[in-house]
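Source file: input.csv. Holds: CSV, C-alpha atoms.
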```
chain,number,residue,atom,x,y,z
A,1,SER,CA,-15.4,1.9,-3.3
A,2,GLN,CA,-12.2,4.0,-3.3
A,3,GLN,CA,-11.8,6.0,-0.1
A,4,GLY,CA,-8.9,8.3,-0.8
A,5,GLU,CA,-8.3,10.4,-3.8
A,6,GLU,CA,-5.1,12.3,-4.4
A,7,ASP,CA,-4.8,15.6,-6.2
A,8,PRO,CA,-3.0,16.3,-8.4
A,9,GLN,CA,-2.5,13.0,-10.2
A,10,ALA,CA,0.9,14.2,-11.4
A,11,LEU,CA,3.1,17.1,-10.3
A,12,SER,CA,6.4,18.2,-11.8
A,13,ILE,CA,8.6,20.9,-10.0
A,14,GLN,CA,12.2,22.1,-9.9
A,15,GLU,CA,14.6,20.8,-7.3
A,16,GLY,CA,14.5,23.0,-4.3
A,17,GLU,CA,10.9,24.0,-4.6
A,18,ASN,CA,8.2,22.8,-2.3
A,19,ALA,CA,5.7,20.1,-3.3
A,20,THR,CA,2.1,19.9,-2.0
A,21,MET,CA,-0.2,16.9,-2.5
A,22,ASN,CA,-3.7,16.6,-1.3
A,23,CYS,CA,-5.9,13.7,-0.3
A,24,SER,CA,-9.6,13.7,0.1
A,25,TYR,CA,-11.6,10.8,1.6
A,26,LYS,CA,-15.3,10.0,2.2
A,27,THR,CA,-15.9,8.4,5.5
A,28,SER,CA,-14.7,9.0,9.1
A,29,ILE,CA,-11.3,7.6,9.9
A,30,ASN,CA,-9.1,6.4,12.8
A,31,ASN,CA,-6.0,7.6,11.1
A,32,LEU,CA,-4.5,8.6,7.7
A,33,GLN,CA,-1.2,7.5,6.4
A,34,TRP,CA,1.1,8.6,3.6
A,35,TYR,CA,3.3,6.3,1.7
A,36,ARG,CA,6.0,6.7,-1.0
A,37,GLN,CA,6.6,4.3,-3.8
A,38,ASN,CA,9.7,4.6,-6.0
A,39,SER,CA,9.5,3.1,-9.4
A,40,GLY,CA,9.5,-0.7,-9.4
A,41,ARG,CA,9.6,-0.8,-5.6
A,42,GLY,CA,7.3,-1.5,-2.7
A,43,LEU,CA,5.6,1.2,-0.7
A,44,VAL,CA,7.4,2.9,2.2
A,45,HIS,CA,5.6,4.3,5.1
A,46,LEU,CA,6.2,8.1,5.6
A,47,ILE,CA,3.9,9.4,8.3
A,48,LEU,CA,0.7,8.5,10.2
A,49,ILE,CA,-1.6,11.2,11.5
A,50,ARG,CA,-4.4,10.3,13.9
A,51,SER,CA,-7.9,11.7,13.6
A,52,ASN,CA,-7.4,13.9,16.7
A,53,GLU,CA,-4.3,15.4,15.3
A,54,ARG,CA,-4.2,18.4,13.0
A,55,GLU,CA,-0.5,18.6,11.9
A,56,LYS,CA,2.5,16.4,12.0
A,57,HIS,CA,6.2,16.8,10.9
A,58,SER,CA,8.9,14.4,10.0
A,59,GLY,CA,12.1,15.9,8.6
A,60,ARG,CA,11.1,17.8,5.4
A,61,LEU,CA,7.6,16.4,5.5
A,62,ARG,CA,4.6,18.2,6.9
A,63,VAL,CA,1.2,16.6,7.0
A,64,THR,CA,-2.1,18.3,7.9
A,65,LEU,CA,-5.4,16.7,8.5
A,66,ASP,CA,-8.8,18.5,8.4
A,67,THR,CA,-11.4,16.0,9.5
A,68,SER,CA,-14.3,18.5,9.0
A,69,LYS,CA,-13.3,18.7,5.3
A,70,LYS,CA,-12.2,15.0,5.1
A,71,SER,CA,-8.9,16.0,3.6
A,72,SER,CA,-5.2,15.9,4.2
A,73,SER,CA,-2.1,17.4,2.6
A,74,LEU,CA,1.5,16.3,2.4
A,75,LEU,CA,4.1,19.0,2.0
A,76,ILE,CA,7.6,18.2,1.0
A,77,THR,CA,9.9,21.2,1.5
A,78,ALA,CA,13.2,21.8,-0.4
A,79,SER,CA,12.6,19.0,-2.8
A,80,ARG,CA,15.4,16.8,-4.0
A,81,ALA,CA,15.7,14.6,-7.1
A,82,ALA,CA,15.5,11.6,-4.8
A,83,ASP,CA,12.0,12.6,-3.8
A,84,THR,CA,10.8,11.6,-7.3
A,85,ALA,CA,8.2,8.9,-6.6
A,86,SER,CA,4.5,8.2,-6.3
A,87,TYR,CA,2.9,9.3,-3.1
A,88,PHE,CA,-0.2,7.6,-1.7
A,89,CYS,CA,-2.6,8.4,1.1
A,90,ALA,CA,-4.2,5.6,2.9
A,91,THR,CA,-7.1,5.8,5.3
A,92,ASP,CA,-8.1,3.6,8.2
A,93,PRO,CA,-11.9,3.8,8.2
A,94,LEU,CA,-13.6,4.2,11.6
A,95,GLN,CA,-16.4,1.7,10.6
A,96,GLY,CA,-16.0,-1.6,8.9
A,97,ALA,CA,-13.1,-4.1,8.5
A,98,GLN,CA,-9.7,-3.2,9.8
A,99,LYS,CA,-7.9,-2.4,6.6
A,100,LEU,CA,-6.2,0.5,4.9
A,101,VAL,CA,-7.8,2.0,1.8
A,102,PHE,CA,-5.4,3.5,-0.6
A,103,GLY,CA,-5.9,6.3,-3.1
A,104,GLN,CA,-4.4,6.2,-6.6
A,105,GLY,CA,-1.5,8.3,-5.8
A,106,THR,CA,0.3,11.5,-7.0
A,107,ARG,CA,3.2,11.0,-9.3
A,108,LEU,CA,5.9,13.6,-8.2
A,109,THR,CA,8.8,14.4,-10.5
A,110,ILE,CA,11.6,16.6,-9.3
A,111,ASN,CA,13.6,18.2,-12.1
A,112,PRO,CA,17.2,18.9,-11.5
B,113,ASP,CA,18.4,-7.9,6.2
B,114,THR,CA,15.2,-7.6,4.2
B,115,ALA,CA,12.2,-7.0,6.4
B,116,VAL,CA,9.5,-8.3,4.0
B,117,SER,CA,10.7,-10.4,1.1
B,118,GLN,CA,8.8,-11.9,-1.8
B,119,THR,CA,9.7,-14.5,-4.4
B,120,PRO,CA,9.7,-14.4,-7.3
B,121,LYS,CA,10.2,-10.8,-8.3
B,122,TYR,CA,9.0,-11.4,-11.9
B,123,LEU,CA,6.6,-14.2,-13.0
B,124,VAL,CA,5.6,-14.7,-16.6
B,125,THR,CA,3.2,-17.5,-17.4
B,126,GLN,CA,0.5,-18.6,-19.7
B,127,MET,CA,-3.2,-18.5,-19.2
B,128,GLY,CA,-4.6,-21.5,-17.4
B,129,ASN,CA,-1.4,-22.2,-15.4
B,130,ASP,CA,-1.2,-22.4,-11.6
B,131,LYS,CA,1.4,-20.3,-9.8
B,132,SER,CA,2.5,-19.4,-6.3
B,133,ILE,CA,4.1,-16.3,-4.8
B,134,LYS,CA,5.8,-16.5,-1.4
B,135,CYS,CA,6.2,-13.9,1.3
B,136,GLU,CA,8.2,-13.9,4.5
B,137,GLN,CA,8.7,-11.2,7.1
B,138,ASN,CA,11.3,-11.1,9.8
B,139,LEU,CA,9.9,-8.2,11.8
B,140,GLY,CA,8.0,-10.3,14.3
B,141,HIS,CA,4.7,-8.8,13.1
B,142,ASP,CA,1.4,-10.6,13.7
B,143,THR,CA,-0.5,-9.4,10.7
B,144,MET,CA,0.3,-9.9,7.0
B,145,TYR,CA,-1.5,-8.8,3.8
B,146,TRP,CA,-1.7,-9.3,0.1
B,147,TYR,CA,-2.4,-6.4,-2.1
B,148,LYS,CA,-2.9,-6.1,-5.9
B,149,GLN,CA,-1.7,-3.0,-7.8
B,150,ASP,CA,-3.1,-2.6,-11.2
B,151,SER,CA,-1.6,-0.8,-14.2
B,152,LYS,CA,-3.1,2.5,-13.0
B,153,LYS,CA,-1.2,2.1,-9.7
B,154,PHE,CA,-4.5,1.5,-7.8
B,155,LEU,CA,-3.6,-0.6,-4.7
B,156,LYS,CA,-6.3,-2.9,-3.4
B,157,ILE,CA,-6.2,-5.2,-0.4
B,158,MET,CA,-7.0,-8.9,-1.2
B,159,PHE,CA,-6.4,-10.8,2.0
B,160,SER,CA,-5.2,-10.2,5.6
B,161,TYR,CA,-4.0,-12.8,8.1
B,162,ASN,CA,-3.4,-12.3,11.9
B,163,ASN,CA,-1.5,-15.1,13.6
B,164,LYS,CA,-2.3,-17.5,10.8
B,165,GLU,CA,-6.0,-16.6,11.0
B,166,LEU,CA,-7.8,-15.1,7.9
B,167,ILE,CA,-9.4,-11.8,9.0
B,168,ILE,CA,-10.0,-10.0,5.7
B,169,ASN,CA,-11.0,-11.7,2.4
B,170,GLU,CA,-12.1,-9.1,-0.1
B,171,THR,CA,-14.1,-9.9,-3.2
B,172,VAL,CA,-11.4,-12.0,-4.8
B,173,PRO,CA,-12.1,-14.9,-7.2
B,174,ASN,CA,-11.8,-18.4,-5.6
B,175,ARG,CA,-8.9,-19.0,-7.9
B,176,PHE,CA,-6.8,-17.0,-5.4
B,177,SER,CA,-6.0,-18.9,-2.2
B,178,PRO,CA,-3.7,-17.6,0.5
B,179,LYS,CA,-1.9,-19.9,2.9
B,180,SER,CA,-0.2,-18.9,6.2
B,181,PRO,CA,1.9,-21.8,7.5
B,182,ASP,CA,3.1,-19.6,10.4
B,183,LYS,CA,2.9,-15.9,11.3
B,184,ALA,CA,6.1,-15.1,9.4
B,185,HIS,CA,4.9,-16.4,6.1
B,186,LEU,CA,2.0,-15.7,3.8
B,187,ASN,CA,1.9,-17.3,0.4
B,188,LEU,CA,-0.5,-16.7,-2.4
B,189,HIS,CA,-1.5,-19.5,-4.8
B,190,ILE,CA,-3.4,-18.7,-8.0
B,191,ASN,CA,-5.2,-21.3,-10.1
B,192,SER,CA,-6.2,-21.1,-13.7
B,193,LEU,CA,-4.5,-17.8,-14.4
B,194,GLU,CA,-6.3,-15.3,-16.5
B,195,LEU,CA,-5.1,-12.2,-18.5
B,196,GLY,CA,-6.7,-9.9,-16.0
B,197,ASP,CA,-4.6,-11.3,-13.2
B,198,SER,CA,-1.6,-9.5,-14.7
B,199,ALA,CA,-0.6,-6.9,-12.0
B,200,VAL,CA,2.0,-6.3,-9.3
B,201,TYR,CA,1.3,-8.2,-6.1
B,202,PHE,CA,2.6,-6.8,-2.8
B,203,CYS,CA,2.9,-8.5,0.5
B,204,ALA,CA,2.9,-6.4,3.6
B,205,SER,CA,3.0,-6.8,7.4
B,206,SER,CA,2.1,-4.8,10.5
B,207,ARG,CA,2.1,-5.1,14.2
B,208,GLY,CA,-1.2,-6.4,15.6
B,209,ARG,CA,-4.6,-6.1,14.1
B,210,VAL,CA,-5.0,-2.4,14.4
B,211,THR,CA,-4.0,-0.7,11.2
B,212,THR,CA,-0.7,0.9,12.1
B,213,GLU,CA,2.0,1.4,9.6
B,214,GLN,CA,2.5,-1.3,7.2
B,215,TYR,CA,5.8,-2.6,5.8
B,216,PHE,CA,5.7,-3.7,2.1
B,217,GLY,CA,7.7,-6.2,0.2
B,218,PRO,CA,9.3,-5.3,-3.2
B,219,GLY,CA,6.4,-6.8,-5.2
B,220,THR,CA,6.0,-9.6,-7.7
B,221,ARG,CA,5.2,-8.5,-11.2
B,222,LEU,CA,2.9,-11.2,-12.7
B,223,THR,CA,2.4,-11.2,-16.5
B,224,VAL,CA,-0.1,-13.6,-17.9
B,225,THR,CA,0.1,-14.2,-21.7
```
Take the structure in the file and give it back as structure tokens.
Amino acid sequence: SQQGEEDPQALSIQEGENATMNCSYKTSINNLQWYRQNSGRGLVHLILIRSNEREKHSGRLRVTLDTSKKSSSLLITASRAADTASYFCATDPLQGAQKLVFGQGTRLTINP
Amino acid sequence: DTAVSQTPKYLVTQMGNDKSIKCEQNLGHDTMYWYKQDSKKFLKIMFSYNNKELIINETVPNRFSPKSPDKAHLNLHINSLELGDSAVYFCASSRGRVTTEQYFGPGTRLTVT
């Protein structure tokens, strides 16, 4: 069954605004990762946050993890047109086979 | 240099045919994967190999057979193609068996008519 679910499914904002995407999951995890997929391309790894971490930054990206609520958020600050893409969270479940389980993604559109 | 490459990028074929997709990574990674992304963008793992050994085999029809001649290559052969096989197939690789960050290829868009 699907582990991660992103919210919203689609988000459209103006360039320069901040974009926040959320991910909820069902079972305990080792880590949670965020990926970006530009149209017609493969996924690109953005950031990995471990289960014992609460927040992580990478450039304009900020990821939070709340294991008690089984949720994570990805914040992109000062958005640019080039940030237009689909964003996926992927969880590494604590139990079971060693594999990432992906959500269905949030489609982010940055309007110039 | 491309880290993870796949060929072909597009594949259009008729039902019942057999086709193969090739994947190569030059990152020196030990683990490689095949994923299927459907029309709703849902990405699901199909297979995973570590040093040429199959470690994950999800509920995939027997018509799909992965082959890893060495740890830098993971090919996917599909027999008797069906309409429902139409999707984008991604190859990926990562260091070791622990699920660290994965590097994805550009994808192969398979269309079965």
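Taking all atoms listed in the file into account, chain A lies nearest to B:Thr212 out of the set B:Thr225, B:Asn138, B:Gln126, B:Thr212.
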Worksheet entry | For CA of Val224 in chain B and CA of Gln104 in chain A, the interatomic separation in Å (one decimal) |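 A separation of 23.2 Å between them.
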Discussion item. Residues near Ser51 in chain A, anyone? I mean within 7 Å using all atoms listed in the file, not counting same-chain ones fewer than 3 positions away, as a ChimeraX atom specification.
Written reply: /A:29-31,67
Worksheet entry | Within 7 Å of chain A: residues of chain B, using all atoms listed in the file, as a PyMOL selection string | chain B and resi 153-155+210-211+213-219
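Rounded to one decimal, CA of Asn52 in chain A and CA of Ser206 in chain B lie 21.9 Å from each other.
Here CA of Glu15 in chain A and CA of His57 in chain A stand 20.4 Å from one another.
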Practice prompt. Write out as JSON, numbers by chain each polymer residue whose atoms come within 10 Å of Met127 in chain B, counting all atoms listed in the file; drop sequence neighbours fewer than 4 positions from it.
Written response: {"B": [191, 192, 193, 194, 195, 196, 197, 223, 224, 225]}
Select all residues near (-2.1, -4.2, -10.3) (cut-off 6 Å, inclusive, file coordinates), counting all atoms listed in the file, and output them as a compact mmCIF listing (two decimals) with C-alpha atoms, keeping the file's coordinate frame.
```
# COMPACT_ATOMS: atom_id res chain seq x y z
CA LYS B 148 -2.90 -6.10 -5.90
CA GLN B 149 -1.70 -3.00 -7.80
CA ASP B 150 -3.10 -2.60 -11.20
CA SER B 151 -1.60 -0.80 -14.20
CA ALA B 199 -0.60 -6.90 -12.00
CA VAL B 200 2.00 -6.30 -9.30
```
Discussion item. So that I can check the surroundings of Ser58 in chain A, please list as a list in words every protein, DNA and RNA residue that reaches within 10 Å of it, counting only C-alpha atoms and ignoring chain neighbours fewer than 2 positions away.
Written reply: Leu46, Ile47, Lys56, Arg60, Leu61, Arg62, Val63 and Ile76 of chain A
Show which residues sit within 6 Å of Met144 in chain B, as a short mmCIF file (atom, residue, chain, number, x, y, z; two decimals) with C-alpha atoms, keeping the file's coordinate frame. Count all atoms listed in the file, and ignore same-chain residues fewer than 3 positions away.
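Full text of part.cif as output:
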```cif
data_model
loop_
_atom_site.label_atom_id
_atom_site.label_comp_id
_atom_site.auth_asym_id
_atom_site.auth_seq_id
_atom_site.Cartn_x
_atom_site.Cartn_y
_atom_site.Cartn_z
CA SER B 160 -5.20 -10.20 5.60
CA TYR B 161 -4.00 -12.80 8.10
CA ALA B 204 2.90 -6.40 3.60
CA SER B 205 3.00 -6.80 7.40
#
```
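Nearest to Leu123 in chain B of all the residues B:Arg209, B:Ser198, B:Glu136, B:Val172 is B:Ser198, based on only C-alpha atoms.
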